[in-house]
Number of protein chains: 2
Amino acid sequence: MNEMNHTGGFTLPGEAGYEELTLKLAKMWGADVIRDSDGTRLSPEIMNAGYEIYATLCIIRDHNEWAGRHLETLQQVFLISNPITAQGNTVVIPLMERYFGDQFTVNASVEALAYWQVYDRTTGTLVSSDRWAYYPDSQSVRVRGVEPWHRYTVSFMAFRVWEEINMYNHTTNHWTSEHLMQLDPRHPSVQKYLLDWLENWLKGHAAVDVVRFTSLFYNFAFIWGCDSRNRYLFSDWASYDNTVSPLALKQFEEKKGYALTAEDFVNKGNFQVTHWPPTNAKRDYMAFVHAFVVDFGKKLVNLVRRYGKKAYVFYDDSWVGMEPYGPHFEEIGFDGLIKCVFSGYEARLCAQVPVTTHELRLHPYLFPVGLSGAPTFAPGGNPTADAKKYWLQVRRALLRAPIERIGLGGYLHLTEGFSDFQRYIAELAQEFRTIRSLHESGEPYTLPMHVAVLHTWGKLRSWSLSGHFHETDKHDLIHINEALSGLPVKVSFLSFEDVKNGALEDVQVVINAGAAGSAWSGGEAWADPVAVAVLTKWVYEGGAFIGVNEPSACSGTDTFLRMAHVLGVDLDMGEKVCHGRWKFDVQPDESIMMDSSGLKLKENLYLTDGKARVLAQEKGVPTFTVNCFGKGKGIYFTSFQTNPKNNHWLLKLMLFAGGYAPEQSYLSDNPYVECAYYPASNTLAAVSVSGEPQMANITTTNGNVQIHLEPHGFITKTL
Amino acid sequence: MNEMNHTGGFTLPGEAGYEELTLKLAKMWGADVIRDSDGTRLSPEIMNAGYEIYATLCIIRDHNEWAGRHLETLQQVFLISNPITAQGNTVVIPLMERYFGDQFTVNASVEALAYWQVYDRTTGTLVSSDRWAYYPDSQSVRVRGVEPWHRYTVSFMAFRVWEEINMYNHTTNHWTSEHLMQLDPRHPSVQKYLLDWLENWLKGHAAVDVVRFTSLFYNFAFIWGCDSRNRYLFSDWASYDNTVSPLALKQFEEKKGYALTAEDFVNKGNFQVTHWPPTNAKRDYMAFVHAFVVDFGKKLVNLVRRYGKKAYVFYDDSWVGMEPYGPHFEEIGFDGLIKCVFSGYEARLCAQVPVTTHELRLHPYLFPVGLSGAPTFAPGGNPTADAKKYWLQVRRALLRAPIERIGLGGYLHLTEGFSDFQRYIAELAQEFRTIRSLHESGEPYTLPMHVAVLHTWGKLRSWSLSGHFHETDKHDLIHINEALSGLPVKVSFLSFEDVKNGALEDVQVVINAGAAGSAWSGGEAWADPVAVAVLTKWVYEGGAFIGVNEPSACSGTDTFLRMAHVLGVDLDMGEKVCHGRWKFDVQPDESIMMDSSGLKLKENLYLTDGKARVLAQEKGVPTFTVNCFGKGKGIYFTSFQTNPKNNHWLLKLMLFAGGYAPEQSYLSDNPYVECAYYPASNTLAAVSVSGEPQMANITTTNGNVQIHLEPHGFITKTL
């Protein structure tokens, strides 16, 4: 291994007015790049200090002057009124009753009204548009000829008059500055304006090396309510709701040959959540938006290039249509992708994106308060503990996949009272550079095991579900993805189409985890007998199907779980309440045993034919089972929570499932210690996630190696 | 009130060989009737002792000699094989792999084979009959031209060669006698045989006063497996599975104009459970069986009458097609109905049947062991405690509705070692006669409140779900029915058709309680917008809709609960995982508050518009809510368990729901004391279900009355 370099791969958020601090910390943390942040500027003194410079641009925001003169180009969304019960033959429906007035204004233009819909929600039928009219003064719709005691809704279009990230920061941090608006680049006039604006900007910022697009055009859906008891009416970090407009709908119709309706978006008030399988119309619409985002994004990137700069994108917030595993993402031509990370899976997501530079924006953000409103760089905060917590989560994933850069964001001066934090970041940065150098000499050793996570979205939503861990932690799959992110196995994310097209050929373990009907379990995709037959054959011939919670759930046949014949368990949806249940003995197996107290009770689980081995139970109901099916296995457990013990257990279970020997080289015998072996440099790296000193035995091809680690320690060892 | 009579209304099970005991206990218990039981006989000494005599007949059993010569007339059932996964283009399916060989033999006659079906369960499609054949030697079906890796089942017809009650008693009590078979009276030859046999029997039993048909022809479904780890594969006390035969199916087709198939019965292996809404075909089939049972039942009853005897029916076991609330039950012409009872709701069920004599067969049965195999009249048993437990459950219902008789069954000699039991029955019988005499002078006072339980079956399954309490105790509704059985309100059981036809006109409270999809919640019945609109209007105008667990659940519209707009709560089936949840304060109300620790957590419950008042919560999720809707209310709670406190609470809640003053006359203020007031005799009766002395205040129109009760006590008081 080369002598370690103490500089490089670190992006520091500089701050005008704090030049000395900026340059001191740049040195202390080994920064080679200085960036600005939302709310901070860089001074010439910083710009000319010999560092590479990133400039952050939120391309669709910060144009209030122009936007104010072109309000028709603001971004829009479909909203749905509260349902109103008709007490007679006429019903009056207020539109904005529940919505946050600072965020939305009704769009009742002729073009928009053409897309409004009134529904009888009691019957689920559309009300003819000649039976209703909009009354702007009361912001309500009056519907004639309705059925008394049925419920009616209006789906209507609204402008979003406050950019959501600005709105969130304003509200959380009590900002008093102007409310920023957001332009919809779907309009040719906006495109022209933005290209001109960007070119102007580029001309004026010769010293900038990298334009850091703080993502692109369309923010995730974040619909606020007027009542503080329920402020966040709807938040889906991967939804497409915020891309809509009469113009987009017209162009969609021209391109795809059919028209979308308000109902395709509001979906009975459910909206089209990412956790639910998409309709065909939604898939078409996503492709349509993706094409536009790629097309206009490419123009911006090309312009940046023409001025001799690189274009990076911050993959967060306004990411809609530019998912990095989308089929045309690479065409945009970004030089780098920056992912803000709390978790290991986010690092893995970043590492595999087809760009040259992969950078992680670590947490905490240098802000007084964190996401949940708890203090960070403020009295009562402990930013070092926060940073360490997230770093420990990310670090194990970094052992598995190369990342070129890390960095921070926010107000640098806030770290002044926190010298402990400043010291910890220096240490963290050095650990990062060590790991990076290991990858530079060659890939880490990986077990000959290919694990496929099977869900509706497949590769498009590799690693992530819809946003960060804490936003999706009710879903078992994010826990599994997080566990997998640090395990020495090959991981793929497959769709049902992939499975039907032969993608299981080199796969040893398939994981399907989620609630019935969800995109993660698969919902109606399981109604396809071809997919079921392919998986059945694959298991019979030796594959291992691991199902969690309600895997392969889909009503309509004799079993609710379509893989029940492989799993040996099924879920009773009430139709088998008169059926007997198999008595069983619990036969635990220490070598593949998760802490069974963490397994949720699923009262309606039952053994189908009594042949599955029960490894754990709760209140007399199995919670963890293994079923032999041909040469393969069906393995079921009710739930999964990521933690060191369970992550370790999952690997052991997958070894068992795939028919591997339990003892494998370069595995730690201690759940709190994980390791990676880099053959090219003959180096073993080990990390501890424990606050206590730890010892681990690691079998190598040259015998056993004993590793001792300090609390949260990290070491490398040449073998 | 008249001087109490210490004799009458009691049916004693006599036993030849124990004449002295029989007559001693007949006197002690105040018996006026002596009966035989399954397994006992009456001797001339008993028959001639001046008592009325019941003789028990199980009309379709006890004919083994004739049955052995006419095996084709044994009763049948559709069974379904285990599903078998095809590994190639041919699959061999063993039929009897899981079934108890002593109970079934395959019926592969030409007539039966015509109804057999092979299904591809992976696709849910029927396999053409020219692609499969039955091989009797291996009791298996071979199917050609199948899809590899699909799963296949055979639905086939089987004779039931061992009558289920006999089979159960044999197995539980280690009988070694001959296995009894059961004849299917659908066959004209069986009808002729049985009529001849009965006439012969009647001629030979001149001393018998009442023929006690121990129900009629078809037993509830009780399908046993070959593996002792799962003996009771399927048990549904109100299913129609055991009535089927090629002859029945042929007659059905002739009568109804369309043919049923095996799938109409085996229903993907689920069978047609009573707890699930019936298909239209099942409703037709039930009507068809009911018509037959009434028709042939009437012939038997008429014959009994011709011999100067009365015909009573024991409503248990082989009850299929003779539900006492069936539209034609009365046409059979029974003089009395005897119901075996553990619970109050069973007494109420009995009391309203259109017959002259209503009799309860109390528990415990005089048998060495009870239903669960625990000792009763055997070492370790405590039959007095058992008798008291059941009597306390039944007694509160007896205050509300008149029953003419009670009695016991089984082997009288078993009571010999249990003098405590003998004494307790004497006491119990006297309490019964006291209550009976109160009803004889006039009806008890009832609050001006009509409560309707709304479910799929309506009146047909009044009070009961499908069998006894302990068989259905996972269903909230049986707990509610049990609570209602002793409350001073009018109770009706309504179907959705009843609701649409105006049955709510004089109803103040509707209760809908059950799991989504079940017959008790209503399942697809809720997809009918007319029913929803009628209920909506009814609540808006002042009605109270009480929903428990998953009331009005039916997917397809914007809410999962179709009455969500009335209840103010809904259930998220995963589609609203990105929606915000309303914050709420818990606002308990002691006067209508159930013990909230008994309310189950339903994690997916949410407040729809934040307006419902939350009275209890669990882990941050509401468990009990009240929502105002127009002049009426929607009230929701997650679960209900019957016990004295909750029964008391339910009444108070219904008073609140219906807009009544909380203080009403003739109510006890102590949950452990219930009372009834009989205006005609100006008598108050009070009962305690507590093992401790209790005091209760009861408001009457003449002021407050204070009642003191011994443990489990019973008193009457003239006001």
# chains A, B, ... in the order shown; residues from 1 in each chain; ligands from 1

$ interface_residues --of "chain A" --to "chain B" --cutoff "7 Å" --atoms "only C-alpha atoms" --output "count of residues only"
34

$ residues_around --residues "range 94-96 of chain B" --least-positions-apart "3" --cutoff "9 Å" --atoms "only C-alpha atoms" --output "PyMOL selection string"
chain B and resi 79-82+84+99-101+104-106+138-142+153-156+226

$ write_last_selection --atoms "N, CA, C and O atoms" --output "mmCIF file, in the first residue's frame"
data_model
loop_
_atom_site.group_PDB
_atom_site.id
_atom_site.type_symbol
_atom_site.label_atom_id
_atom_site.label_comp_id
_atom_site.auth_asym_id
_atom_site.auth_seq_id
_atom_site.Cartn_x
_atom_site.Cartn_y
_atom_site.Cartn_z
ATOM 1 N N LEU B 79 -63.790 -33.016 -1.772
ATOM 2 C CA LEU B 79 -62.479 -32.768 -1.183
ATOM 3 C C LEU B 79 -61.544 -32.258 -2.271
ATOM 4 O O LEU B 79 -61.817 -32.397 -3.456
ATOM 5 N N ILE B 80 -60.445 -31.677 -1.849
ATOM 6 C CA ILE B 80 -59.463 -31.189 -2.813
ATOM 7 C C ILE B 80 -58.096 -31.729 -2.419
ATOM 8 O O ILE B 80 -57.745 -31.746 -1.227
ATOM 9 N N SER B 81 -57.369 -32.205 -3.392
ATOM 10 C CA SER B 81 -56.040 -32.763 -3.136
ATOM 11 C C SER B 81 -55.071 -31.667 -2.724
ATOM 12 O O SER B 81 -55.343 -30.477 -2.906
ATOM 13 N N ASN B 82 -53.931 -32.061 -2.199
ATOM 14 C CA ASN B 82 -52.822 -31.113 -2.076
ATOM 15 C C ASN B 82 -52.459 -30.612 -3.467
ATOM 16 O O ASN B 82 -52.524 -31.370 -4.434
ATOM 17 N N ILE B 84 -49.968 -29.993 -6.383
ATOM 18 C CA ILE B 84 -48.698 -30.625 -6.766
ATOM 19 C C ILE B 84 -48.040 -29.775 -7.854
ATOM 20 O O ILE B 84 -48.689 -29.398 -8.835
ATOM 21 N N TYR B 99 -55.832 -36.681 3.908
ATOM 22 C CA TYR B 99 -57.116 -36.924 4.587
ATOM 23 C C TYR B 99 -57.091 -38.166 5.468
ATOM 24 O O TYR B 99 -56.331 -39.101 5.238
ATOM 25 N N PHE B 100 -57.982 -38.144 6.456
ATOM 26 C CA PHE B 100 -58.121 -39.234 7.421
ATOM 27 C C PHE B 100 -58.840 -40.394 6.726
ATOM 28 O O PHE B 100 -60.017 -40.290 6.368
ATOM 29 N N GLY B 101 -58.116 -41.496 6.542
ATOM 30 C CA GLY B 101 -58.647 -42.616 5.768
ATOM 31 C C GLY B 101 -59.879 -43.252 6.381
ATOM 32 O O GLY B 101 -60.700 -43.836 5.669
ATOM 33 N N PHE B 104 -63.073 -41.027 5.040
ATOM 34 C CA PHE B 104 -63.447 -40.837 3.626
ATOM 35 C C PHE B 104 -63.052 -42.027 2.748
ATOM 36 O O PHE B 104 -62.024 -42.660 2.990
ATOM 37 N N THR B 105 -63.874 -42.285 1.748
ATOM 38 C CA THR B 105 -63.421 -43.128 0.639
ATOM 39 C C THR B 105 -63.748 -42.389 -0.650
ATOM 40 O O THR B 105 -64.793 -41.728 -0.770
ATOM 41 N N VAL B 106 -62.836 -42.466 -1.614
ATOM 42 C CA VAL B 106 -63.018 -41.776 -2.885
ATOM 43 C C VAL B 106 -64.251 -42.313 -3.602
ATOM 44 O O VAL B 106 -64.459 -43.522 -3.665
ATOM 45 N N SER B 138 -53.716 -46.471 -7.207
ATOM 46 C CA SER B 138 -52.863 -45.538 -6.452
ATOM 47 C C SER B 138 -53.655 -44.352 -5.919
ATOM 48 O O SER B 138 -53.086 -43.440 -5.330
ATOM 49 N N GLN B 139 -54.968 -44.369 -6.135
ATOM 50 C CA GLN B 139 -55.824 -43.235 -5.718
ATOM 51 C C GLN B 139 -55.203 -41.913 -6.157
ATOM 52 O O GLN B 139 -55.065 -40.968 -5.373
ATOM 53 N N SER B 140 -54.836 -41.878 -7.438
ATOM 54 C CA SER B 140 -54.204 -40.655 -7.943
ATOM 55 C C SER B 140 -54.723 -40.323 -9.325
ATOM 56 O O SER B 140 -55.276 -41.165 -10.037
ATOM 57 N N VAL B 141 -54.545 -39.083 -9.699
ATOM 58 C CA VAL B 141 -54.946 -38.609 -11.026
ATOM 59 C C VAL B 141 -53.680 -38.230 -11.784
ATOM 60 O O VAL B 141 -52.791 -37.563 -11.235
ATOM 61 N N ARG B 142 -53.596 -38.662 -13.030
ATOM 62 C CA ARG B 142 -52.466 -38.296 -13.883
ATOM 63 C C ARG B 142 -52.960 -37.288 -14.908
ATOM 64 O O ARG B 142 -53.956 -37.521 -15.587
ATOM 65 N N THR B 153 -54.336 -29.168 -8.780
ATOM 66 C CA THR B 153 -55.128 -29.862 -7.757
ATOM 67 C C THR B 153 -56.219 -30.679 -8.434
ATOM 68 O O THR B 153 -56.625 -30.382 -9.564
ATOM 69 N N VAL B 154 -56.692 -31.687 -7.712
ATOM 70 C CA VAL B 154 -57.887 -32.427 -8.121
ATOM 71 C C VAL B 154 -58.961 -32.195 -7.065
ATOM 72 O O VAL B 154 -58.704 -32.375 -5.874
ATOM 73 N N SER B 155 -60.123 -31.768 -7.518
ATOM 74 C CA SER B 155 -61.289 -31.706 -6.639
ATOM 75 C C SER B 155 -62.104 -32.957 -6.929
ATOM 76 O O SER B 155 -62.448 -33.208 -8.081
ATOM 77 N N PHE B 156 -62.383 -33.736 -5.895
ATOM 78 C CA PHE B 156 -63.035 -35.030 -6.117
ATOM 79 C C PHE B 156 -64.116 -35.253 -5.073
ATOM 80 O O PHE B 156 -64.191 -34.548 -4.069
ATOM 81 N N CYS B 226 -55.010 -36.899 8.144
ATOM 82 C CA CYS B 226 -54.364 -38.142 8.571
ATOM 83 C C CYS B 226 -53.236 -37.862 9.554
ATOM 84 O O CYS B 226 -52.777 -38.751 10.244
#

$ select_by_dssp --residues "range 325-493 of chain B" --states "strand (DSSP E)" --output "ChimeraX atom specification"
/B:336-341,357-362,405-407,450-454,490-493

$ select_by_dssp --residues "range 131-245 of chain A" --states "helix (DSSP H, G or I)" --output "PyMOL selection string"
chain A and resi 131+136-138+164-173+188-204+228-230+241-243

$ atom_distance --atom1 "CA of Pro383 in chain A" --atom2 "CA of Phe421 in chain A"
6.4 Å

$ residues_around --residues "Leu709 in chain B" --least-positions-apart "6" --cutoff "12 Å" --atoms "only C-alpha atoms" --output "ChimeraX atom specification"
/B:670,672-675,685-697,715-717

$ write_last_selection --atoms "all heavy atoms" --output "short mmCIF file (atom, residue, chain, number, x, y, z; two decimals), in the first residue's frame"
data_model
loop_
_atom_site.label_atom_id
_atom_site.label_comp_id
_atom_site.auth_asym_id
_atom_site.auth_seq_id
_atom_site.Cartn_x
_atom_site.Cartn_y
_atom_site.Cartn_z
N ASN B 670 -73.61 -1.03 38.67
CA ASN B 670 -72.49 -1.92 38.94
C ASN B 670 -72.37 -2.92 37.79
O ASN B 670 -73.31 -3.68 37.52
CB ASN B 670 -72.76 -2.64 40.27
CG ASN B 670 -71.65 -3.62 40.64
OD1 ASN B 670 -70.87 -4.06 39.79
ND2 ASN B 670 -71.59 -3.95 41.91
N TYR B 672 -71.06 -5.64 37.54
CA TYR B 672 -71.16 -7.06 37.90
C TYR B 672 -72.58 -7.47 38.28
O TYR B 672 -72.84 -8.62 38.58
CB TYR B 672 -70.18 -7.39 39.03
CG TYR B 672 -68.76 -7.21 38.56
CD1 TYR B 672 -68.08 -6.01 38.80
CD2 TYR B 672 -68.13 -8.21 37.82
CE1 TYR B 672 -66.80 -5.83 38.33
CE2 TYR B 672 -66.86 -8.02 37.34
CZ TYR B 672 -66.19 -6.84 37.60
OH TYR B 672 -64.93 -6.65 37.12
N VAL B 673 -73.46 -6.48 38.29
CA VAL B 673 -74.86 -6.77 38.63
C VAL B 673 -75.73 -6.32 37.46
O VAL B 673 -75.62 -5.18 37.00
CB VAL B 673 -75.27 -6.01 39.91
CG1 VAL B 673 -76.78 -6.17 40.17
CG2 VAL B 673 -74.47 -6.51 41.10
N GLU B 674 -76.55 -7.22 36.96
CA GLU B 674 -77.49 -6.83 35.91
C GLU B 674 -78.90 -7.09 36.43
O GLU B 674 -79.09 -7.91 37.32
CB GLU B 674 -77.19 -7.59 34.61
CG GLU B 674 -75.89 -7.11 33.98
CD GLU B 674 -75.57 -7.80 32.68
OE1 GLU B 674 -75.23 -8.98 32.70
OE2 GLU B 674 -75.65 -7.13 31.63
N CYS B 675 -79.85 -6.35 35.86
CA CYS B 675 -81.20 -6.49 36.37
C CYS B 675 -82.24 -6.41 35.26
O CYS B 675 -81.93 -5.99 34.15
CB CYS B 675 -81.48 -5.42 37.42
SG CYS B 675 -81.55 -3.76 36.73
N ALA B 685 -85.67 -8.18 39.09
CA ALA B 685 -84.78 -9.33 39.28
C ALA B 685 -83.36 -8.85 39.04
O ALA B 685 -83.12 -8.07 38.13
CB ALA B 685 -85.13 -10.45 38.31
N ALA B 686 -82.44 -9.30 39.89
CA ALA B 686 -81.04 -8.89 39.72
C ALA B 686 -80.15 -10.10 39.86
O ALA B 686 -80.42 -11.01 40.66
CB ALA B 686 -80.66 -7.82 40.74
N VAL B 687 -79.10 -10.12 39.07
CA VAL B 687 -78.14 -11.23 39.10
C VAL B 687 -76.74 -10.67 39.21
O VAL B 687 -76.43 -9.59 38.71
CB VAL B 687 -78.25 -12.10 37.82
CG1 VAL B 687 -79.57 -12.83 37.77
CG2 VAL B 687 -78.04 -11.26 36.56
N SER B 688 -75.88 -11.44 39.85
CA SER B 688 -74.47 -11.05 39.95
C SER B 688 -73.62 -12.07 39.21
O SER B 688 -73.85 -13.27 39.31
CB SER B 688 -74.04 -11.00 41.41
OG SER B 688 -72.63 -10.96 41.49
N VAL B 689 -72.63 -11.56 38.48
CA VAL B 689 -71.68 -12.47 37.84
C VAL B 689 -70.35 -12.44 38.58
O VAL B 689 -69.35 -12.95 38.07
CB VAL B 689 -71.46 -12.09 36.35
CG1 VAL B 689 -72.70 -12.41 35.54
CG2 VAL B 689 -71.07 -10.63 36.22
N SER B 690 -70.36 -11.87 39.76
CA SER B 690 -69.13 -11.72 40.52
C SER B 690 -69.01 -12.79 41.59
O SER B 690 -70.00 -13.20 42.18
CB SER B 690 -69.11 -10.33 41.17
OG SER B 690 -68.15 -10.29 42.20
N GLY B 691 -67.79 -13.19 41.86
CA GLY B 691 -67.53 -14.14 42.94
C GLY B 691 -67.45 -13.48 44.30
O GLY B 691 -67.23 -14.15 45.30
N GLU B 692 -67.60 -12.17 44.36
CA GLU B 692 -67.60 -11.41 45.61
C GLU B 692 -69.01 -10.88 45.87
O GLU B 692 -69.79 -10.73 44.93
CB GLU B 692 -66.67 -10.19 45.49
CG GLU B 692 -65.28 -10.50 45.03
CD GLU B 692 -64.49 -11.25 46.09
OE1 GLU B 692 -64.69 -10.93 47.28
OE2 GLU B 692 -63.73 -12.17 45.74
N PRO B 693 -69.33 -10.55 47.14
CA PRO B 693 -70.62 -9.87 47.38
C PRO B 693 -70.65 -8.55 46.63
O PRO B 693 -69.62 -7.88 46.51
CB PRO B 693 -70.62 -9.65 48.90
CG PRO B 693 -69.59 -10.57 49.44
CD PRO B 693 -68.57 -10.75 48.36
N GLN B 694 -71.81 -8.17 46.13
CA GLN B 694 -71.92 -6.94 45.35
C GLN B 694 -73.10 -6.12 45.82
O GLN B 694 -74.11 -6.66 46.29
CB GLN B 694 -72.10 -7.25 43.85
CG GLN B 694 -70.91 -7.93 43.19
CD GLN B 694 -69.73 -6.99 42.98
OE1 GLN B 694 -69.90 -5.77 42.92
NE2 GLN B 694 -68.53 -7.56 42.90
N MET B 695 -72.95 -4.80 45.65
CA MET B 695 -74.05 -3.87 45.92
C MET B 695 -74.27 -3.07 44.65
O MET B 695 -73.31 -2.71 43.98
CB MET B 695 -73.66 -2.95 47.08
CG MET B 695 -74.80 -2.13 47.63
SD MET B 695 -74.97 -0.55 46.78
CE MET B 695 -73.61 0.36 47.50
N ALA B 696 -75.52 -2.81 44.34
CA ALA B 696 -75.82 -2.01 43.15
C ALA B 696 -76.97 -1.07 43.44
O ALA B 696 -77.88 -1.40 44.21
CB ALA B 696 -76.18 -2.92 41.97
N ASN B 697 -76.90 0.10 42.83
CA ASN B 697 -78.03 1.04 42.89
C ASN B 697 -78.79 0.96 41.58
O ASN B 697 -78.19 1.01 40.50
CB ASN B 697 -77.51 2.46 43.08
CG ASN B 697 -76.87 2.63 44.44
OD1 ASN B 697 -77.52 2.46 45.46
ND2 ASN B 697 -75.58 2.92 44.44
N ILE B 715 -81.57 -12.40 43.06
CA ILE B 715 -82.71 -12.07 43.91
C ILE B 715 -83.82 -11.43 43.08
O ILE B 715 -83.57 -10.88 42.01
CB ILE B 715 -82.37 -11.09 45.06
CG1 ILE B 715 -81.83 -9.77 44.51
CG2 ILE B 715 -81.42 -11.69 46.07
CD1 ILE B 715 -81.89 -8.67 45.54
N THR B 716 -85.00 -11.53 43.61
CA THR B 716 -86.12 -10.78 43.05
C THR B 716 -86.67 -9.89 44.15
O THR B 716 -86.54 -10.21 45.34
CB THR B 716 -87.25 -11.71 42.54
OG1 THR B 716 -87.73 -12.45 43.65
CG2 THR B 716 -86.76 -12.63 41.46
N LYS B 717 -87.29 -8.82 43.73
CA LYS B 717 -87.76 -7.83 44.71
C LYS B 717 -89.01 -7.19 44.14
O LYS B 717 -88.97 -6.64 43.03
CB LYS B 717 -86.65 -6.78 44.88
CG LYS B 717 -86.82 -5.85 46.07
CD LYS B 717 -85.64 -4.87 46.09
CE LYS B 717 -85.84 -3.87 47.19
NZ LYS B 717 -85.35 -4.33 48.49
#

$ atom_distance --atom1 "CA of Met322 in chain B" --atom2 "CA of Val244 in chain B"
15.6 Å

$ decode --residues "range 496-500 of chain A" --atoms "all heavy atoms" --output "CSV table (one decimal), in the first residue's frame"
chain,number,residue,atom,x,y,z
A,496,PHE,N,-39.6,-7.8,-12.2
A,496,PHE,CA,-40.2,-9.0,-12.6
A,496,PHE,C,-40.0,-9.3,-14.1
A,496,PHE,O,-39.8,-10.5,-14.5
A,496,PHE,CB,-41.7,-9.0,-12.3
A,496,PHE,CG,-42.0,-9.0,-10.8
A,496,PHE,CD1,-42.0,-7.8,-10.1
A,496,PHE,CD2,-42.2,-10.2,-10.2
A,496,PHE,CE1,-42.2,-7.9,-8.7
A,496,PHE,CE2,-42.4,-10.2,-8.8
A,496,PHE,CZ,-42.4,-9.1,-8.1
A,497,GLU,N,-39.9,-8.2,-14.9
A,497,GLU,CA,-39.5,-8.4,-16.3
A,497,GLU,C,-38.1,-9.0,-16.4
A,497,GLU,O,-37.9,-9.9,-17.2
A,497,GLU,CB,-39.6,-7.1,-17.1
A,497,GLU,CG,-41.0,-6.6,-17.5
A,497,GLU,CD,-41.7,-7.7,-18.3
A,497,GLU,OE1,-41.2,-8.1,-19.3
A,497,GLU,OE2,-42.8,-8.1,-17.9
A,498,ASP,N,-37.2,-8.5,-15.6
A,498,ASP,CA,-35.8,-9.0,-15.6
A,498,ASP,C,-35.8,-10.5,-15.3
A,498,ASP,O,-35.2,-11.3,-16.0
A,498,ASP,CB,-35.0,-8.4,-14.5
A,498,ASP,CG,-34.7,-6.9,-14.8
A,498,ASP,OD1,-34.8,-6.5,-16.0
A,498,ASP,OD2,-34.5,-6.1,-13.8
A,499,VAL,N,-36.6,-10.9,-14.3
A,499,VAL,CA,-36.7,-12.3,-13.9
A,499,VAL,C,-37.2,-13.2,-15.1
A,499,VAL,O,-36.7,-14.2,-15.4
A,499,VAL,CB,-37.6,-12.5,-12.7
A,499,VAL,CG1,-38.1,-13.9,-12.5
A,499,VAL,CG2,-36.8,-12.0,-11.4
A,500,LYS,N,-38.2,-12.7,-15.7
A,500,LYS,CA,-38.8,-13.4,-16.9
A,500,LYS,C,-37.8,-13.5,-18.0
A,500,LYS,O,-37.8,-14.4,-18.8
A,500,LYS,CB,-40.1,-12.8,-17.3
A,500,LYS,CG,-41.2,-13.0,-16.3
A,500,LYS,CD,-42.6,-12.7,-16.8
A,500,LYS,CE,-42.8,-11.3,-17.0
A,500,LYS,NZ,-44.1,-11.0,-17.7
